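The structure file entry_39.csv is reproduced below (CSV, C-alpha atoms and all ligand atoms).
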```
chain,number,residue,atom,x,y,z
A,1086,MET,CA,154.9,148.2,111.0
A,1087,VAL,CA,151.3,149.0,110.2
A,1088,LYS,CA,151.0,150.9,106.9
A,1089,LEU,CA,149.5,154.4,106.9
A,1090,ILE,CA,147.3,155.1,103.9
A,1091,ALA,CA,146.4,158.8,103.8
A,1092,GLY,CA,144.1,160.4,101.2
A,1093,ASN,CA,144.7,164.0,100.1
A,1094,TRP,CA,141.6,165.5,98.6
A,1095,LYS,CA,143.4,168.7,97.6
A,1096,MET,CA,140.9,171.3,96.4
A,1097,HIS,CA,138.1,168.8,96.0
A,1098,GLY,CA,135.1,168.0,98.2
A,1099,THR,CA,132.1,169.7,99.8
A,1100,SER,CA,129.5,168.4,102.2
A,1101,ALA,CA,127.9,166.6,99.2
A,1102,ASP,CA,130.9,164.2,99.4
A,1103,LEU,CA,130.5,163.2,103.1
A,1104,GLY,CA,129.0,159.9,102.0
A,1105,GLU,CA,132.4,158.9,100.6
A,1106,VAL,CA,134.1,159.9,103.9
A,1107,ARG,CA,131.5,157.7,105.8
A,1108,ALA,CA,132.1,154.7,103.4
A,1109,ILE,CA,135.8,155.0,103.7
A,1110,ALA,CA,135.7,155.3,107.5
A,1111,ALA,CA,133.3,152.4,107.9
A,1112,ARG,CA,135.6,150.0,106.0
A,1113,ALA,CA,138.7,151.3,107.7
A,1114,GLY,CA,137.0,150.6,111.1
A,1115,GLU,CA,136.3,147.0,110.0
A,1116,LEU,CA,140.0,146.5,109.2
A,1117,GLY,CA,140.9,147.5,112.7
A,1118,GLY,CA,144.6,147.6,113.6
A,1119,ARG,CA,145.7,146.1,110.3
A,1120,VAL,CA,146.1,149.5,108.6
A,1121,GLU,CA,146.0,153.1,109.6
A,1122,VAL,CA,143.8,155.3,107.4
A,1123,ALA,CA,143.3,159.1,107.3
A,1124,LEU,CA,141.6,161.5,104.9
A,1125,CYS,CA,143.0,165.0,104.5
A,1126,VAL,CA,140.1,167.1,103.3
A,1127,PRO,CA,139.8,170.8,102.5
A,1128,ALA,CA,139.8,173.0,105.6
A,1129,THR,CA,136.1,173.9,105.0
A,1130,LEU,CA,135.2,170.2,105.4
A,1131,ILE,CA,137.3,169.2,108.4
A,1132,HIS,CA,134.7,169.9,111.1
A,1133,ARG,CA,131.7,168.3,109.3
A,1134,ALA,CA,133.8,165.3,108.2
A,1135,ALA,CA,135.2,164.8,111.7
A,1136,GLU,CA,131.7,164.9,113.2
A,1137,ALA,CA,130.4,162.5,110.6
A,1138,VAL,CA,133.0,159.8,111.4
A,1139,PRO,CA,133.9,159.8,115.1
A,1140,GLY,CA,137.0,157.7,115.7
A,1141,PHE,CA,138.3,158.0,112.2
A,1142,THR,CA,141.2,160.4,111.4
A,1143,ILE,CA,140.3,163.4,109.4
A,1144,GLY,CA,143.3,165.7,108.5
A,1145,ALA,CA,144.3,169.0,107.0
A,1146,GLN,CA,146.5,169.7,104.0
A,1147,ASP,CA,148.6,172.6,105.3
A,1148,MET,CA,148.9,174.9,108.3
A,1149,HIS,CA,150.7,178.1,109.4
A,1150,ALA,CA,153.8,177.6,111.6
A,1151,ASN,CA,152.8,180.3,114.0
A,1152,GLU,CA,150.4,179.8,116.9
A,1153,LYS,CA,148.4,182.9,116.1
A,1154,GLY,CA,148.8,186.3,114.6
A,1155,ALA,CA,148.1,188.6,111.7
A,1156,HIS,CA,148.1,186.0,108.9
A,1157,THR,CA,145.0,186.6,106.8
A,1158,GLY,CA,143.5,183.4,105.4
A,1159,ASP,CA,145.8,181.1,107.3
A,1160,LEU,CA,145.0,178.5,109.9
A,1161,CYS,CA,147.3,177.4,112.8
A,1162,ALA,CA,147.6,173.9,114.2
A,1163,SER,CA,145.4,174.5,117.2
A,1164,MET,CA,142.6,175.7,114.9
A,1165,LEU,CA,142.8,172.5,112.9
A,1166,HIS,CA,142.9,170.4,116.0
A,1167,ASP,CA,139.9,172.3,117.3
A,1168,ALA,CA,138.0,171.7,114.1
A,1169,GLY,CA,138.6,167.9,114.5
A,1170,ALA,CA,141.8,167.3,112.5
A,1171,GLY,CA,144.2,164.6,113.9
A,1172,ILE,CA,146.8,164.8,111.2
A,1173,VAL,CA,148.3,167.4,108.8
A,1174,ILE,CA,150.3,167.3,105.6
A,1175,VAL,CA,153.1,169.8,105.4
A,1176,GLY,CA,155.5,170.6,102.5
A,1177,HIS,CA,153.4,169.1,99.7
A,1178,SER,CA,155.1,170.0,96.4
A,1179,GLU,CA,152.0,171.9,95.3
A,1180,ARG,CA,152.4,174.2,98.4
A,1181,ARG,CA,156.2,174.4,97.9
A,1182,GLU,CA,155.7,175.4,94.2
A,1183,ALA,CA,152.6,177.6,94.3
A,1184,HIS,CA,153.2,179.3,97.7
A,1185,GLY,CA,157.0,179.5,97.7
A,1186,GLU,CA,157.4,177.3,100.8
A,1187,ALA,CA,161.1,176.6,101.5
A,1188,ASP,CA,162.5,173.7,103.6
A,1189,ALA,CA,162.8,176.0,106.6
A,1190,ASP,CA,159.1,176.8,106.4
A,1191,VAL,CA,158.2,173.1,106.2
A,1192,LYS,CA,160.4,172.3,109.1
A,1193,ALA,CA,158.7,175.0,111.2
A,1194,LYS,CA,155.3,173.7,110.2
A,1195,ALA,CA,156.2,170.2,111.1
A,1196,GLU,CA,157.5,171.2,114.5
A,1197,ALA,CA,154.4,173.4,115.2
A,1198,GLY,CA,152.0,170.6,114.2
A,1199,LEU,CA,153.7,168.0,116.4
A,1200,ARG,CA,153.8,170.5,119.3
A,1201,ALA,CA,150.1,171.0,118.9
A,1202,GLY,CA,149.3,167.3,119.1
A,1203,LEU,CA,148.7,166.7,115.4
A,1204,LYS,CA,150.3,163.8,113.5
A,1205,VAL,CA,152.4,165.1,110.7
A,1206,ILE,CA,153.1,163.9,107.1
A,1207,LEU,CA,156.1,165.8,105.7
A,1208,CYS,CA,156.4,165.6,101.9
A,1209,VAL,CA,159.5,165.6,99.8
A,1210,GLY,CA,160.2,164.9,96.1
A,1211,GLU,CA,162.2,165.8,93.1
A,1212,SER,CA,161.2,167.4,89.8
A,1213,LEU,CA,161.5,165.7,86.5
A,1214,ALA,CA,164.5,167.9,85.5
A,1215,GLU,CA,166.3,166.9,88.7
A,1216,ARG,CA,165.6,163.2,88.1
A,1217,GLU,CA,166.7,163.4,84.5
A,1218,ALA,CA,169.9,165.2,85.6
A,1219,GLY,CA,170.7,162.3,87.9
A,1220,ARG,CA,170.2,164.4,91.0
A,1221,ALA,CA,167.0,162.9,92.4
A,1222,VAL,CA,168.5,161.2,95.4
A,1223,ALA,CA,170.8,164.1,96.3
A,1224,THR,CA,167.9,166.6,95.9
A,1225,VAL,CA,165.5,164.6,98.1
A,1226,ALA,CA,168.2,163.9,100.7
A,1227,ALA,CA,168.9,167.6,101.0
A,1228,GLN,CA,165.2,168.4,101.3
A,1229,VAL,CA,164.9,165.8,104.1
A,1230,ASP,CA,167.9,167.1,106.0
A,1231,ALA,CA,166.6,170.7,105.8
A,1232,SER,CA,162.9,169.9,106.5
A,1233,LEU,CA,163.0,167.4,109.3
A,1234,PRO,CA,161.6,168.6,112.6
A,1235,GLN,CA,163.9,168.8,115.6
A,1236,GLY,CA,164.0,165.4,117.4
A,1237,PRO,CA,163.2,163.3,119.2
A,1238,VAL,CA,160.3,162.1,117.0
A,1239,ASP,CA,157.7,159.4,117.5
A,1240,GLY,CA,157.1,157.2,114.5
A,1241,ALA,CA,153.5,156.8,115.5
A,1242,ARG,CA,153.0,160.6,114.9
A,1243,PHE,CA,155.5,161.6,112.3
A,1244,SER,CA,155.8,160.2,108.7
A,1245,LEU,CA,157.7,161.2,105.6
A,1246,ALA,CA,156.0,161.0,102.1
A,1247,TYR,CA,158.2,160.7,99.0
A,1248,GLU,CA,156.3,162.1,96.1
A,1249,PRO,CA,158.2,162.5,92.9
A,1250,ILE,CA,156.6,165.7,91.4
A,1251,TRP,CA,156.5,164.2,87.9
A,1252,ALA,CA,154.3,161.3,89.2
A,1253,ILE,CA,151.7,163.4,90.9
A,1254,GLY,CA,148.4,163.4,89.0
A,1255,THR,CA,150.1,162.2,85.9
A,1256,GLY,CA,149.3,158.5,85.9
A,1257,ARG,CA,153.1,158.0,85.7
A,1258,VAL,CA,154.2,156.0,88.7
A,1259,ALA,CA,157.8,155.7,89.8
A,1260,GLY,CA,159.3,152.3,89.2
A,1261,CYS,CA,159.6,150.1,92.3
A,1262,GLU,CA,163.4,150.1,92.0
A,1263,ASP,CA,163.4,153.9,92.0
A,1264,ILE,CA,161.1,153.9,95.0
A,1265,GLU,CA,163.3,151.4,96.9
A,1266,GLU,CA,166.4,153.4,96.2
A,1267,MET,CA,164.8,156.6,97.3
A,1268,HIS,CA,163.2,155.2,100.4
A,1269,ALA,CA,166.5,153.6,101.4
A,1270,ALA,CA,168.2,157.0,101.0
A,1271,ILE,CA,165.5,158.7,103.1
A,1272,ARG,CA,165.8,156.0,105.8
A,1273,ALA,CA,169.5,156.7,106.0
A,1274,ARG,CA,168.8,160.4,106.5
A,1275,LEU,CA,166.2,159.7,109.2
A,1276,VAL,CA,168.6,157.4,111.1
A,1277,ALA,CA,171.3,160.1,110.8
A,1278,ALA,CA,168.9,162.6,112.3
A,1279,TYR,CA,167.2,160.6,115.0
A,1280,GLY,CA,169.3,157.5,115.6
A,1281,GLU,CA,167.4,154.2,116.0
A,1282,ALA,CA,164.1,156.1,116.4
A,1283,GLY,CA,164.5,157.1,112.7
A,1284,ARG,CA,163.8,153.5,111.8
A,1285,GLY,CA,160.3,153.8,113.2
A,1286,VAL,CA,159.3,156.7,110.9
A,1287,ARG,CA,157.1,155.4,108.1
A,1288,ILE,CA,158.1,156.5,104.6
A,1289,LEU,CA,155.0,156.8,102.4
A,1290,TYR,CA,155.0,156.8,98.6
A,1291,GLY,CA,152.8,159.2,96.7
A,1292,GLY,CA,152.3,159.8,93.0
A,1293,SER,CA,149.6,158.1,90.9
A,1294,VAL,CA,148.9,155.3,93.5
A,1295,LYS,CA,145.8,153.5,92.2
A,1296,PRO,CA,144.0,150.3,93.0
A,1297,GLY,CA,145.9,148.5,90.2
A,1298,ASN,CA,149.5,149.3,91.4
A,1299,ALA,CA,149.1,149.7,95.2
A,1300,ALA,CA,149.9,146.1,96.1
A,1301,GLU,CA,153.2,146.1,94.1
A,1302,ILE,CA,154.2,149.5,95.7
A,1303,PHE,CA,153.4,148.2,99.2
A,1304,ALA,CA,155.5,145.1,98.6
A,1305,THR,CA,158.6,147.3,97.9
A,1306,PRO,CA,161.1,147.5,100.8
A,1307,GLU,CA,160.8,150.5,103.1
A,1308,VAL,CA,157.4,151.6,101.8
A,1309,GLY,CA,155.4,152.3,104.9
A,1310,GLY,CA,152.2,153.4,103.2
A,1311,ALA,CA,150.9,155.8,100.7
A,1312,LEU,CA,149.7,159.4,100.2
A,1313,VAL,CA,147.0,159.2,97.6
A,1314,GLY,CA,145.5,162.1,95.7
A,1315,GLY,CA,143.0,161.5,92.9
A,1316,ALA,CA,142.3,157.9,93.9
A,1317,SER,CA,141.3,158.9,97.4
A,1318,LEU,CA,138.2,160.9,96.3
A,1319,THR,CA,135.9,158.0,96.2
A,1320,ALA,CA,135.5,154.9,98.4
A,1321,ALA,CA,135.4,152.8,95.2
A,1322,ASP,CA,138.9,153.8,94.3
A,1323,PHE,CA,140.4,154.4,97.7
A,1324,LEU,CA,139.2,151.3,99.6
A,1325,PRO,CA,141.0,148.8,97.3
A,1326,ILE,CA,144.2,150.7,98.1
A,1327,VAL,CA,143.4,150.6,101.8
A,1328,GLU,CA,142.8,146.8,101.6
A,1329,ALA,CA,146.1,146.4,99.8
A,1330,GLY,CA,147.7,148.2,102.7
A,1331,ALA,CA,146.1,145.9,105.2
A,1332,ALA,CA,147.1,142.7,103.4
B,1401,LIG,O1,149.2,164.1,97.9
B,1401,LIG,C1,149.0,163.3,97.0
B,1401,LIG,C2,149.9,163.3,95.9
B,1401,LIG,O2,150.1,164.6,95.4
B,1401,LIG,C3,149.6,162.3,94.8
B,1401,LIG,O3,148.5,162.7,94.0
B,1401,LIG,P1,147.9,161.6,92.9
B,1401,LIG,O4,147.6,160.4,93.7
B,1401,LIG,O5,146.7,162.3,92.4
B,1401,LIG,O6,149.0,161.5,91.9
```
Please go through the file and, once you have read it, give me the structure as structure tokens.
Ligand SMILES: O=C[C@H](O)COP(=O)(O)O
Amino acid sequence: MVKLIAGNWKMHGTSADLGEVRAIAARAGELGGRVEVALCVPATLIHRAAEAVPGFTIGAQDMHANEKGAHTGDLCASMLHDAGAGIVIVGHSERREAHGEADADVKAKAEAGLRAGLKVILCVGESLAEREAGRAVATVAAQVDASLPQGPVDGARFSLAYEPIWAIGTGRVAGCEDIEEMHAAIRARLVAAYGEAGRGVRILYGGSVKPGNAAEIFATPEVGGALVGGASLTAADFLPIVEAGAA
């Protein structure tokens, strides 16, 4: 299965950074079908980025589950699609924590995104306290069970991202054995939910993925790509990760 390498710019980036988007898209285009690449930029940048790099996938970092309505400041899937987004991240731990998003909210967002024609990356992950208490796998499995969109799902359009919260932006990456164990547990939940189609859903790893550790992470069983934060902000950092994903 071709790996999906998605960058999440979080609250970084203005039109001054479109040169990075262009450089990333140009190399991704050269790599052709060997790897799938997307950049999830701030909502304010989606339209300009999408216009700057036709054919490359620009994405969003969140969306409202409703199709329209009185939701000041929110954006729905059709608006993101209209702006040029092809993919959306839902359930990132920074949204779950700072905006009180529960599994049911995340599930509704994933379903609405898929319905609107967007690809979806759904994030799950345990806290440090949960891992230290030996509850990492149980916590994530429960999140997956409660967050997954109603099937059937198409693995080309729906991915999971395992992001241990303690590894995000900390420089502390999960060990490959821990990643393998967690991804196997997630795969079992996907198969329980979707049958054989669950094997086609890519499981990305996220949390301090860098040029120096990407190849090792990608060689780990059941790692179908990466969701990259800090190292996706520049072509110089992101492209070696993309190349590792294409190898
Ligand atoms: O969405 C991306 C993740 O939160 C990982 O962020 P990071 O690569 O900066 O640790």
Residues within 9 Å of ligand LIG 1401 (chain B) should be enumerated using all atoms listed in the file and returned as a ChimeraX atom specification. /A:1091-1095,1146,1174,1177-1179,1208,1246,1248-1258,1290-1295,1311-1317
Residues just named, written with C-alpha atoms as a CSV table (one decimal), in the frame of the given file:
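Result written to again_39.csv:
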```
chain,number,residue,atom,x,y,z
A,1091,ALA,CA,146.4,158.8,103.8
A,1092,GLY,CA,144.1,160.4,101.2
A,1093,ASN,CA,144.7,164.0,100.1
A,1094,TRP,CA,141.6,165.5,98.6
A,1095,LYS,CA,143.4,168.7,97.6
A,1146,GLN,CA,146.5,169.7,104.0
A,1174,ILE,CA,150.3,167.3,105.6
A,1177,HIS,CA,153.4,169.1,99.7
A,1178,SER,CA,155.1,170.0,96.4
A,1179,GLU,CA,152.0,171.9,95.3
A,1208,CYS,CA,156.4,165.6,101.9
A,1246,ALA,CA,156.0,161.0,102.1
A,1248,GLU,CA,156.3,162.1,96.1
A,1249,PRO,CA,158.2,162.5,92.9
A,1250,ILE,CA,156.6,165.7,91.4
A,1251,TRP,CA,156.5,164.2,87.9
A,1252,ALA,CA,154.3,161.3,89.2
A,1253,ILE,CA,151.7,163.4,90.9
A,1254,GLY,CA,148.4,163.4,89.0
A,1255,THR,CA,150.1,162.2,85.9
A,1256,GLY,CA,149.3,158.5,85.9
A,1257,ARG,CA,153.1,158.0,85.7
A,1258,VAL,CA,154.2,156.0,88.7
A,1290,TYR,CA,155.0,156.8,98.6
A,1291,GLY,CA,152.8,159.2,96.7
A,1292,GLY,CA,152.3,159.8,93.0
A,1293,SER,CA,149.6,158.1,90.9
A,1294,VAL,CA,148.9,155.3,93.5
A,1295,LYS,CA,145.8,153.5,92.2
A,1311,ALA,CA,150.9,155.8,100.7
A,1312,LEU,CA,149.7,159.4,100.2
A,1313,VAL,CA,147.0,159.2,97.6
A,1314,GLY,CA,145.5,162.1,95.7
A,1315,GLY,CA,143.0,161.5,92.9
A,1316,ALA,CA,142.3,157.9,93.9
A,1317,SER,CA,141.3,158.9,97.4
```
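Take the candidates A:Glu1266, A:Glu1196, A:Asp1159, A:Glu1182 and check each one against Ala1221 in chain A using only C-alpha atoms; the shortest distance goes to A:Glu1266.
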A:Ala1304, A:Ala1197, A:Leu1324, A:His1184: which is nearest Ser1163 in chain A, counting only C-alpha atoms? A:Ala1197
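Atom to atom, CA of Arg1119 in chain A and CA of Thr1099 in chain A stand 29.2 Å apart.
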Nearest candidate to Met1267 in chain A (options A:Ala1195, A:Leu1233, A:Ala1214, A:Val1209; using only C-alpha atoms): A:Val1209
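Taking only C-alpha atoms into account, Tyr1247 in chain A lies nearest to A:Val1308 out of the set A:Val1308, A:Arg1284, A:Asp1230, A:Asp1188.
For the atom pair formed by CA of Cys1125 in chain A and CA of Ala1278 in chain A, the distance is 27.2 Å, given to one decimal.
Proximity to Ile1264 in chain A was assessed for A:Ala1241, A:Ala1111, A:Ala1282, A:Val1222 counting only C-alpha atoms; the smallest distance is recorded for A:Val1222.
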Sel. within 12 Å of pt (152.2, 145.5, 97.0), counting all atoms listed in the file, output as a PyMOL selection string: chain A and resi 1088+1261+1290+1294-1311+1325-1332
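Closest approach to Leu1124 in chain A among A:Met1096, A:Ala1170, A:Leu1213, A:Ala1277: A:Ala1170, based on all atoms listed in the file.
Counting from CA of Val1225 in chain A, the distance to CA of Ala1128 in chain A is 28.1 Å.
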